[in-house]
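Raw contents of entry_28.pdb, PDB, C-alpha atoms, pLDDT in the B column:
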```
ATOM      1  CA  MET A   1       0.000   0.000   0.000  1.00 80.00           C
ATOM      2  CA  SER A   2       1.153   3.520  -0.739  1.00 96.00           C
ATOM      3  CA  GLU A   3       1.723   6.095   1.990  1.00 98.00           C
ATOM      4  CA  LEU A   4      -0.012   9.322   2.913  1.00 98.00           C
ATOM      5  CA  LEU A   5       2.374  12.286   3.172  1.00 98.00           C
ATOM      6  CA  LEU A   6       1.304  15.175   5.369  1.00 98.00           C
ATOM      7  CA  ILE A   7       3.103  18.455   4.712  1.00 98.00           C
ATOM      8  CA  ARG A   8       2.488  21.474   6.911  1.00 98.00           C
ATOM      9  CA  HIS A   9       3.034  24.837   5.244  1.00 98.00           C
ATOM     10  CA  GLY A  10       6.062  26.994   6.062  1.00 98.00           C
ATOM     11  CA  GLU A  11       6.186  29.733   8.658  1.00 98.00           C
ATOM     12  CA  THR A  12       3.879  32.755   8.477  1.00 98.00           C
ATOM     13  CA  GLU A  13       3.949  35.810  10.726  1.00 98.00           C
ATOM     14  CA  TRP A  14       0.897  34.477  12.518  1.00 98.00           C
ATOM     15  CA  SER A  15       2.237  30.949  13.018  1.00 98.00           C
ATOM     16  CA  ARG A  16       5.497  32.425  14.286  1.00 98.00           C
ATOM     17  CA  ASP A  17       3.594  34.598  16.761  1.00 98.00           C
ATOM     18  CA  GLY A  18       1.213  31.832  17.874  1.00 98.00           C
ATOM     19  CA  ARG A  19      -1.911  33.490  16.443  1.00 98.00           C
ATOM     20  CA  HIS A  20      -4.744  31.134  15.471  1.00 98.00           C
ATOM     21  CA  THR A  21      -4.814  31.273  11.687  1.00 98.00           C
ATOM     22  CA  GLY A  22      -7.852  29.693  10.079  1.00 97.00           C
ATOM     23  CA  PHE A  23      -9.305  31.592   7.134  1.00 96.00           C
ATOM     24  CA  THR A  24      -7.039  34.636   7.254  1.00 97.00           C
ATOM     25  CA  ASP A  25      -4.955  34.246   4.121  1.00 98.00           C
ATOM     26  CA  VAL A  26      -1.506  35.205   5.365  1.00 98.00           C
ATOM     27  CA  ALA A  27       1.592  34.696   3.246  1.00 98.00           C
ATOM     28  CA  LEU A  28       4.765  32.838   4.121  1.00 98.00           C
ATOM     29  CA  THR A  29       7.537  34.844   5.741  1.00 98.00           C
ATOM     30  CA  ASP A  30      10.953  34.901   4.071  1.00 98.00           C
ATOM     31  CA  ARG A  31      11.940  32.167   6.518  1.00 98.00           C
ATOM     32  CA  GLY A  32       8.796  30.229   5.595  1.00 98.00           C
ATOM     33  CA  GLU A  33       9.747  30.406   1.926  1.00 98.00           C
ATOM     34  CA  ARG A  34      13.219  29.076   2.713  1.00 98.00           C
ATOM     35  CA  GLN A  35      11.675  26.309   4.823  1.00 98.00           C
ATOM     36  CA  ALA A  36       9.400  25.306   1.933  1.00 98.00           C
ATOM     37  CA  GLU A  37      12.293  25.276  -0.546  1.00 98.00           C
ATOM     38  CA  ALA A  38      14.272  23.074   1.845  1.00 98.00           C
ATOM     39  CA  LEU A  39      11.544  20.431   1.566  1.00 98.00           C
ATOM     40  CA  ARG A  40      12.275  19.974  -2.154  1.00 97.00           C
ATOM     41  CA  PRO A  41      15.122  17.414  -1.855  1.00 96.00           C
ATOM     42  CA  LEU A  42      13.224  15.467   0.793  1.00 94.00           C
ATOM     43  CA  LEU A  43      10.205  15.110  -1.514  1.00 96.00           C
ATOM     44  CA  ALA A  44      12.101  14.764  -4.822  1.00 94.00           C
ATOM     45  CA  ALA A  45      13.619  11.435  -3.798  1.00 89.00           C
ATOM     46  CA  ASP A  46      10.222   9.745  -4.074  1.00 91.00           C
ATOM     47  CA  PRO A  47       7.687  12.158  -5.619  1.00 95.00           C
ATOM     48  CA  PRO A  48       4.043  11.556  -4.715  1.00 97.00           C
ATOM     49  CA  ALA A  49       1.675  10.370  -7.421  1.00 97.00           C
ATOM     50  CA  LYS A  50      -1.036  12.815  -6.316  1.00 98.00           C
ATOM     51  CA  VAL A  51      -0.879  16.129  -4.474  1.00 98.00           C
ATOM     52  CA  LEU A  52      -3.837  17.853  -2.829  1.00 98.00           C
ATOM     53  CA  VAL A  53      -3.397  21.295  -1.314  1.00 98.00           C
ATOM     54  CA  SER A  54      -5.412  23.688   0.807  1.00 98.00           C
ATOM     55  CA  PRO A  55      -6.650  26.736  -1.138  1.00 98.00           C
ATOM     56  CA  MET A  56      -4.848  29.098   1.272  1.00 98.00           C
ATOM     57  CA  LYS A  57      -1.845  30.876  -0.247  1.00 98.00           C
ATOM     58  CA  ARG A  58       0.516  29.720   2.513  1.00 98.00           C
ATOM     59  CA  ALA A  59      -0.164  26.099   1.538  1.00 98.00           C
ATOM     60  CA  LEU A  60      -0.191  26.732  -2.215  1.00 98.00           C
ATOM     61  CA  ARG A  61       3.151  28.551  -2.027  1.00 98.00           C
ATOM     62  CA  THR A  62       4.654  25.785   0.113  1.00 98.00           C
ATOM     63  CA  ALA A  63       3.639  23.172  -2.471  1.00 98.00           C
ATOM     64  CA  GLU A  64       5.114  25.277  -5.269  1.00 98.00           C
ATOM     65  CA  LEU A  65       8.431  25.939  -3.520  1.00 98.00           C
ATOM     66  CA  ALA A  66       8.701  22.290  -2.442  1.00 98.00           C
ATOM     67  CA  GLY A  67       8.521  21.267  -6.112  1.00 98.00           C
ATOM     68  CA  LEU A  68       5.222  19.406  -5.886  1.00 98.00           C
ATOM     69  CA  GLU A  69       3.854  19.448  -9.411  1.00 92.00           C
ATOM     70  CA  GLY A  70       0.261  18.972 -10.501  1.00 95.00           C
ATOM     71  CA  ALA A  71      -1.197  19.980  -7.143  1.00 97.00           C
ATOM     72  CA  GLU A  72      -4.998  20.151  -6.972  1.00 98.00           C
ATOM     73  CA  THR A  73      -6.728  22.403  -4.465  1.00 98.00           C
ATOM     74  CA  ASP A  74      -9.174  20.791  -2.066  1.00 98.00           C
ATOM     75  CA  PRO A  75     -11.317  23.147   0.039  1.00 98.00           C
ATOM     76  CA  ASP A  76     -11.741  20.469   2.725  1.00 98.00           C
ATOM     77  CA  LEU A  77      -8.034  20.879   3.542  1.00 98.00           C
ATOM     78  CA  HIS A  78      -8.488  24.394   4.953  1.00 98.00           C
ATOM     79  CA  GLU A  79      -7.487  25.020   8.545  1.00 98.00           C
ATOM     80  CA  TRP A  80      -9.803  24.793  11.571  1.00 98.00           C
ATOM     81  CA  ASP A  81     -12.325  27.635  11.636  1.00 98.00           C
ATOM     82  CA  TYR A  82     -11.374  29.355  14.905  1.00 98.00           C
ATOM     83  CA  GLY A  83     -14.452  31.582  14.925  1.00 98.00           C
ATOM     84  CA  GLY A  84     -14.001  34.443  17.389  1.00 98.00           C
ATOM     85  CA  TYR A  85     -10.459  33.278  18.193  1.00 98.00           C
ATOM     86  CA  GLU A  86      -9.161  33.979  14.686  1.00 98.00           C
ATOM     87  CA  GLY A  87      -5.912  35.934  14.987  1.00 98.00           C
ATOM     88  CA  VAL A  88      -5.834  35.559  18.778  1.00 98.00           C
ATOM     89  CA  THR A  89      -3.038  33.810  20.698  1.00 98.00           C
ATOM     90  CA  THR A  90      -3.591  31.195  23.393  1.00 98.00           C
ATOM     91  CA  GLU A  91      -1.980  33.555  25.906  1.00 98.00           C
ATOM     92  CA  GLU A  92      -4.554  36.235  25.048  1.00 98.00           C
ATOM     93  CA  ILE A  93      -7.427  33.749  25.366  1.00 98.00           C
ATOM     94  CA  HIS A  94      -6.144  32.664  28.784  1.00 98.00           C
ATOM     95  CA  ARG A  95      -6.635  36.211  30.085  1.00 97.00           C
ATOM     96  CA  THR A  96     -10.397  35.714  29.960  1.00 96.00           C
ATOM     97  CA  ARG A  97     -10.550  31.890  29.942  1.00 97.00           C
ATOM     98  CA  PRO A  98      -7.758  30.546  32.166  1.00 97.00           C
ATOM     99  CA  GLY A  99      -6.915  26.960  31.298  1.00 96.00           C
ATOM    100  CA  TRP A 100      -8.631  27.120  27.895  1.00 98.00           C
ATOM    101  CA  TYR A 101      -7.518  24.301  25.590  1.00 97.00           C
ATOM    102  CA  LEU A 102      -8.678  24.204  21.974  1.00 98.00           C
ATOM    103  CA  TRP A 103      -9.052  20.436  21.855  1.00 97.00           C
ATOM    104  CA  ASP A 104     -11.326  20.297  24.916  1.00 96.00           C
ATOM    105  CA  ASP A 105     -13.008  23.691  25.016  1.00 96.00           C
ATOM    106  CA  GLY A 106     -13.448  24.646  21.362  1.00 95.00           C
ATOM    107  CA  VAL A 107     -13.851  28.209  20.123  1.00 97.00           C
ATOM    108  CA  VAL A 108     -16.282  31.077  20.632  1.00 97.00           C
ATOM    109  CA  PRO A 109     -18.582  32.001  17.725  1.00 97.00           C
ATOM    110  CA  GLY A 110     -17.219  34.334  15.102  1.00 97.00           C
ATOM    111  CA  PRO A 111     -18.920  36.254  12.295  1.00 96.00           C
ATOM    112  CA  PRO A 112     -21.623  34.478  10.264  1.00 96.00           C
ATOM    113  CA  GLU A 113     -19.191  33.524   7.486  1.00 96.00           C
ATOM    114  CA  HIS A 114     -16.781  31.974  10.022  1.00 96.00           C
ATOM    115  CA  PRO A 115     -18.807  30.802  13.012  1.00 97.00           C
ATOM    116  CA  GLY A 116     -16.138  28.415  14.278  1.00 98.00           C
ATOM    117  CA  GLU A 117     -15.831  24.622  14.223  1.00 98.00           C
ATOM    118  CA  THR A 118     -15.841  21.873  16.810  1.00 97.00           C
ATOM    119  CA  PRO A 119     -13.258  19.081  16.664  1.00 97.00           C
ATOM    120  CA  GLU A 120     -16.030  16.842  15.320  1.00 97.00           C
ATOM    121  CA  GLN A 121     -16.749  19.236  12.455  1.00 98.00           C
ATOM    122  CA  VAL A 122     -13.066  19.378  11.539  1.00 98.00           C
ATOM    123  CA  GLY A 123     -13.033  15.584  11.806  1.00 98.00           C
ATOM    124  CA  ALA A 124     -15.932  15.350   9.339  1.00 98.00           C
ATOM    125  CA  ARG A 125     -13.907  17.312   6.794  1.00 98.00           C
ATOM    126  CA  ALA A 126     -10.884  15.100   7.436  1.00 98.00           C
ATOM    127  CA  ASP A 127     -13.072  12.024   6.923  1.00 98.00           C
ATOM    128  CA  ARG A 128     -14.202  13.399   3.537  1.00 98.00           C
ATOM    129  CA  VAL A 129     -10.576  13.877   2.469  1.00 98.00           C
ATOM    130  CA  LEU A 130      -9.696  10.364   3.629  1.00 98.00           C
ATOM    131  CA  ALA A 131     -12.683   8.907   1.768  1.00 98.00           C
ATOM    132  CA  ARG A 132     -11.193  10.360  -1.423  1.00 98.00           C
ATOM    133  CA  VAL A 133      -7.543   9.427  -0.887  1.00 98.00           C
ATOM    134  CA  VAL A 134      -7.612   6.047   0.881  1.00 97.00           C
ATOM    135  CA  PRO A 135      -8.856   4.236  -2.263  1.00 97.00           C
ATOM    136  CA  LEU A 136      -5.871   5.725  -4.137  1.00 96.00           C
ATOM    137  CA  LEU A 137      -3.514   4.494  -1.423  1.00 97.00           C
ATOM    138  CA  GLU A 138      -5.082   1.037  -1.424  1.00 96.00           C
ATOM    139  CA  ALA A 139      -4.742   0.825  -5.205  1.00 95.00           C
ATOM    140  CA  GLY A 140      -0.980   1.173  -4.737  1.00 93.00           C
ATOM    141  CA  GLY A 141      -0.514   3.718  -7.490  1.00 91.00           C
ATOM    142  CA  GLY A 142       1.889   5.844  -5.465  1.00 96.00           C
ATOM    143  CA  ASP A 143       1.960   8.066  -2.446  1.00 98.00           C
ATOM    144  CA  VAL A 144      -0.551  10.875  -1.909  1.00 98.00           C
ATOM    145  CA  ALA A 145       0.620  14.188  -0.439  1.00 98.00           C
ATOM    146  CA  LEU A 146      -1.592  16.627   1.433  1.00 99.00           C
ATOM    147  CA  VAL A 147      -0.241  20.163   1.877  1.00 99.00           C
ATOM    148  CA  ALA A 148      -2.235  21.900   4.569  1.00 98.00           C
ATOM    149  CA  HIS A 149      -2.290  23.245   8.119  1.00 98.00           C
ATOM    150  CA  GLY A 150      -1.177  22.132  11.552  1.00 98.00           C
ATOM    151  CA  HIS A 151      -4.407  21.595  13.449  1.00 98.00           C
ATOM    152  CA  PHE A 152      -6.262  20.173  10.458  1.00 98.00           C
ATOM    153  CA  LEU A 153      -3.505  17.666   9.669  1.00 99.00           C
ATOM    154  CA  ARG A 154      -3.402  16.605  13.315  1.00 98.00           C
ATOM    155  CA  VAL A 155      -7.140  15.881  13.243  1.00 98.00           C
ATOM    156  CA  LEU A 156      -6.767  14.020   9.937  1.00 99.00           C
ATOM    157  CA  THR A 157      -3.991  11.919  11.464  1.00 98.00           C
ATOM    158  CA  ALA A 158      -6.198  10.978  14.387  1.00 98.00           C
ATOM    159  CA  ARG A 159      -9.024  10.001  12.053  1.00 98.00           C
ATOM    160  CA  ARG A 160      -6.744   7.929   9.792  1.00 98.00           C
ATOM    161  CA  LEU A 161      -5.515   6.044  12.864  1.00 98.00           C
ATOM    162  CA  GLY A 162      -9.084   5.358  14.009  1.00 98.00           C
ATOM    163  CA  LEU A 163      -9.024   7.869  16.858  1.00 98.00           C
ATOM    164  CA  PRO A 164     -11.549  10.602  17.710  1.00 98.00           C
ATOM    165  CA  PRO A 165     -10.828  14.042  16.201  1.00 98.00           C
ATOM    166  CA  ALA A 166      -9.719  15.556  19.530  1.00 98.00           C
ATOM    167  CA  ALA A 167      -6.920  12.964  19.718  1.00 98.00           C
ATOM    168  CA  GLY A 168      -5.137  15.221  17.219  1.00 98.00           C
ATOM    169  CA  ALA A 169      -3.935  16.976  20.377  1.00 98.00           C
ATOM    170  CA  LEU A 170      -1.421  14.133  20.748  1.00 98.00           C
ATOM    171  CA  PHE A 171       0.407  14.939  17.499  1.00 98.00           C
ATOM    172  CA  ARG A 172       2.514  18.102  17.610  1.00 98.00           C
ATOM    173  CA  LEU A 173       3.201  19.333  14.096  1.00 98.00           C
ATOM    174  CA  ASP A 174       5.725  22.059  13.288  1.00 98.00           C
ATOM    175  CA  THR A 175       5.830  24.278  10.207  1.00 98.00           C
ATOM    176  CA  ALA A 176       7.484  22.952   7.045  1.00 98.00           C
ATOM    177  CA  THR A 177       7.606  19.333   8.147  1.00 98.00           C
ATOM    178  CA  VAL A 178       6.752  16.063   6.431  1.00 98.00           C
ATOM    179  CA  SER A 179       4.980  13.194   8.153  1.00 98.00           C
ATOM    180  CA  ARG A 180       4.015   9.795   6.775  1.00 98.00           C
ATOM    181  CA  ILE A 181       1.155   7.456   7.536  1.00 98.00           C
ATOM    182  CA  GLY A 182       1.568   3.998   6.089  1.00 98.00           C
ATOM    183  CA  THR A 183       0.417   0.609   7.280  1.00 97.00           C
ATOM    184  CA  GLU A 184       1.569  -2.273   9.416  1.00 97.00           C
ATOM    185  CA  HIS A 185      -0.163  -5.632   9.029  1.00 96.00           C
ATOM    186  CA  GLY A 186      -2.820  -3.917   6.922  1.00 93.00           C
ATOM    187  CA  ARG A 187      -3.673  -1.277   9.527  1.00 97.00           C
ATOM    188  CA  PRO A 188      -2.817   2.450   9.389  1.00 98.00           C
ATOM    189  CA  ALA A 189       0.341   3.312  11.316  1.00 98.00           C
ATOM    190  CA  LEU A 190       2.689   6.272  11.671  1.00 98.00           C
ATOM    191  CA  VAL A 191       5.832   5.757   9.648  1.00 97.00           C
ATOM    192  CA  ALA A 192       7.489   9.137  10.279  1.00 98.00           C
ATOM    193  CA  TRP A 193       6.364  12.252  12.108  1.00 98.00           C
ATOM    194  CA  ASN A 194       7.313  15.939  12.084  1.00 98.00           C
ATOM    195  CA  VAL A 195      10.407  15.380   9.902  1.00 97.00           C
ATOM    196  CA  ARG A 196      12.434  18.426   8.960  1.00 95.00           C
ATOM    197  CA  PRO A 197      14.844  18.480   6.019  1.00 90.00           C
ATOM    198  CA  ALA A 198      18.458  17.650   6.862  1.00 80.00           C
TER     199      ALA A 198
END
```

Taking this structure as input, can you express it in the form of structure tokens?
Amino acid sequence: MSELLLIRHGETEWSRDGRHTGFTDVALTDRGERQAEALRPLLAADPPAKVLVSPMKRALRTAELAGLEGAETDPDLHEWDYGGYEGVTTEEIHRTRPGWYLWDDGVVPGPPEHPGETPEQVGARADRVLARVVPLLEAGGGDVALVAHGHFLRVLTARRLGLPPAAGALFRLDTATVSRIGTEHGRPALVAWNVRPA
């Protein structure tokens, strides 16, 4: 069976500063661009057969700089909708909600176009992506790469491993890293996690 490659986009100003970045379309920093370019040799050794990318420019640019050709955008790969916590840091949230934890406590409602999502809603999107890519993996036609966002990819990992969406909390994922989910004895298993280029 082929493997699922999970690629988190490079650094943005907001990711660097710890600001929750869902639908705000921020660009990569200069460092983020260098991080994305550094992924190229890591991915060129065994190029994926299919590449799906979030429609956000930070993910699209990461795919481009990493040399991933033929990428198709998939709106289900967008980041968690943080609702009223969009652009806000955890430290700032703790001033009014001490002990708040995204995975347990969720977000406060935002504007009508971005009301916020629960872990289960993010998990439903991840399940839709997996329903599309798992048959490709099982067919053995080559690896599938997903270029997206930290919290979303953590939820997708949990779902692929048969865990509830909130179990994504267990999988720290840094910017500009590559992770792999393969199989062992026919069951999904982590092969590599949070790998940075040499």

Running the PyMOL selection byres ((chain A and resi 70) around 12) on this model by hand, what would come out? Give it as a short mmCIF file (atom, residue, chain, number, x, y, z; two decimals) with C-alpha atoms, in the coordinates of the input.
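Output file out-v4.cif is given in full below:
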```cif
data_model
loop_
_atom_site.label_atom_id
_atom_site.label_comp_id
_atom_site.auth_asym_id
_atom_site.auth_seq_id
_atom_site.Cartn_x
_atom_site.Cartn_y
_atom_site.Cartn_z
CA PRO A 47 7.69 12.16 -5.62
CA PRO A 48 4.04 11.56 -4.72
CA ALA A 49 1.68 10.37 -7.42
CA LYS A 50 -1.04 12.82 -6.32
CA VAL A 51 -0.88 16.13 -4.47
CA LEU A 52 -3.84 17.85 -2.83
CA VAL A 53 -3.40 21.30 -1.31
CA LEU A 60 -0.19 26.73 -2.22
CA ALA A 63 3.64 23.17 -2.47
CA GLU A 64 5.11 25.28 -5.27
CA GLY A 67 8.52 21.27 -6.11
CA LEU A 68 5.22 19.41 -5.89
CA GLU A 69 3.85 19.45 -9.41
CA ALA A 71 -1.20 19.98 -7.14
CA GLU A 72 -5.00 20.15 -6.97
CA THR A 73 -6.73 22.40 -4.46
CA VAL A 144 -0.55 10.88 -1.91
CA ALA A 145 0.62 14.19 -0.44
#
```

So that I can see what lies close to segment 24-33 of chain A, please list as a list of chain:residue names the residues with an atom at most 7 Å from it, counting all atoms listed in the file and leaving out residues fewer than 5 positions away in the same chain. A:Gly10, A:Glu11, A:Thr12, A:Glu13, A:Met56, A:Lys57, A:Arg58

Residues of the last selection are to be written out with C-alpha atoms, as a PDB file, keeping the file's coordinate frame.
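Output contents, as saved in again_30.pdb:
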```pdb
ATOM      1  CA  GLY A  10       6.062  26.994   6.062  1.00 98.00           C
ATOM      2  CA  GLU A  11       6.186  29.733   8.658  1.00 98.00           C
ATOM      3  CA  THR A  12       3.879  32.755   8.477  1.00 98.00           C
ATOM      4  CA  GLU A  13       3.949  35.810  10.726  1.00 98.00           C
ATOM      5  CA  MET A  56      -4.848  29.098   1.272  1.00 98.00           C
ATOM      6  CA  LYS A  57      -1.845  30.876  -0.247  1.00 98.00           C
ATOM      7  CA  ARG A  58       0.516  29.720   2.513  1.00 98.00           C
TER       8      ARG A  58
END
```

Radius query 8 Å about (-8.4, 30.1, 9.4), atoms used: all atoms listed in the file, as a ChimeraX atom specification: /A:20-25,78-82,86

Tell me which residues the PyMOL selection byres ((chain A and resi 122) around 9) grabs here, as JSON, numbers by chain. {"A": [76, 79, 80, 81, 117, 118, 119, 120, 121, 123, 124, 125, 126, 127, 152, 155, 156, 165]}

Selected residues, C-alpha atoms, written as a compact mmCIF listing (two decimals), keeping the file's coordinate frame, please.
```txt
# COMPACT_ATOMS: atom_id res chain seq x y z
CA ASP A 76 -11.74 20.47 2.72
CA GLU A 79 -7.49 25.02 8.54
CA TRP A 80 -9.80 24.79 11.57
CA ASP A 81 -12.32 27.64 11.64
CA GLU A 117 -15.83 24.62 14.22
CA THR A 118 -15.84 21.87 16.81
CA PRO A 119 -13.26 19.08 16.66
CA GLU A 120 -16.03 16.84 15.32
CA GLN A 121 -16.75 19.24 12.46
CA GLY A 123 -13.03 15.58 11.81
CA ALA A 124 -15.93 15.35 9.34
CA ARG A 125 -13.91 17.31 6.79
CA ALA A 126 -10.88 15.10 7.44
CA ASP A 127 -13.07 12.02 6.92
CA PHE A 152 -6.26 20.17 10.46
CA VAL A 155 -7.14 15.88 13.24
CA LEU A 156 -6.77 14.02 9.94
CA PRO A 165 -10.83 14.04 16.20
```

Applying 6 Å and all atoms listed in the file, which residues near Arg19 of chain A remain after dropping the ones on its own chain fewer than 6 positions away? List them as a list in words.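 The residues satisfying every condition are Gly87, Val88 and Thr89 of chain A.
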
Output of the PyMOL selection byres ((chain A and resi 169) around 8), listed as a ChimeraX atom specification: /A:103,154-155,166-168,170-172

So, counting only C-alpha atoms, which residue among A:Ala38, A:Ala176, A:Leu43, A:Ile93 is closest to Asp105 of chain A? A:Ile93

Would you list the contacts of Leu39 of chain A as a ChimeraX atom specification, taking every protein, DNA or RNA residue within 10 Å and counting all atoms listed in the file, but skipping same-chain residues closer than 5 positions in sequence? /A:7,10,34,44,62-63,65-68,176-178,195-198

What gap, in Å, lies between atom CA of Glu138 of chain A and atom CA of Ser2 of chain A?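 These atoms are spaced 6.7 Å apart.
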
Among the residues A:Gly18, A:Pro55, A:Pro135, A:Pro164, the one that comes closest to Val147 of chain A [using only C-alpha atoms]: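 The shortest atom-to-atom distance to Val147 of chain A comes from A:Pro55.
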
Distance in Å - atom CA of Ala36 of chain A versus atom CA of Arg16 of chain A: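 Calculated distance between atom CA of Ala36 of chain A and atom CA of Arg16 of chain A is 14.8 Å.
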
Given only C-alpha atoms as the basis, pick out the residue of A:Gly142, A:Ala192, A:Leu173, A:Asp17 nearest to Glu92 of chain A.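 Of A:Gly142, A:Ala192, A:Leu173, A:Asp17, the one nearest Glu92 of chain A is A:Asp17, counting only C-alpha atoms.
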
Using all atoms listed in the file, which residue out of A:Leu146, A:Ala139, A:Leu102, A:Ala189 lies closest to Leu163 of chain A? A:Ala189

Between atom CA of Arg97 of chain A and atom CA of His114 of chain A - distance in Å to one decimal: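 According to the coordinates, atom CA of His114 of chain A and atom CA of Arg97 of chain A are separated by 20.9 Å.
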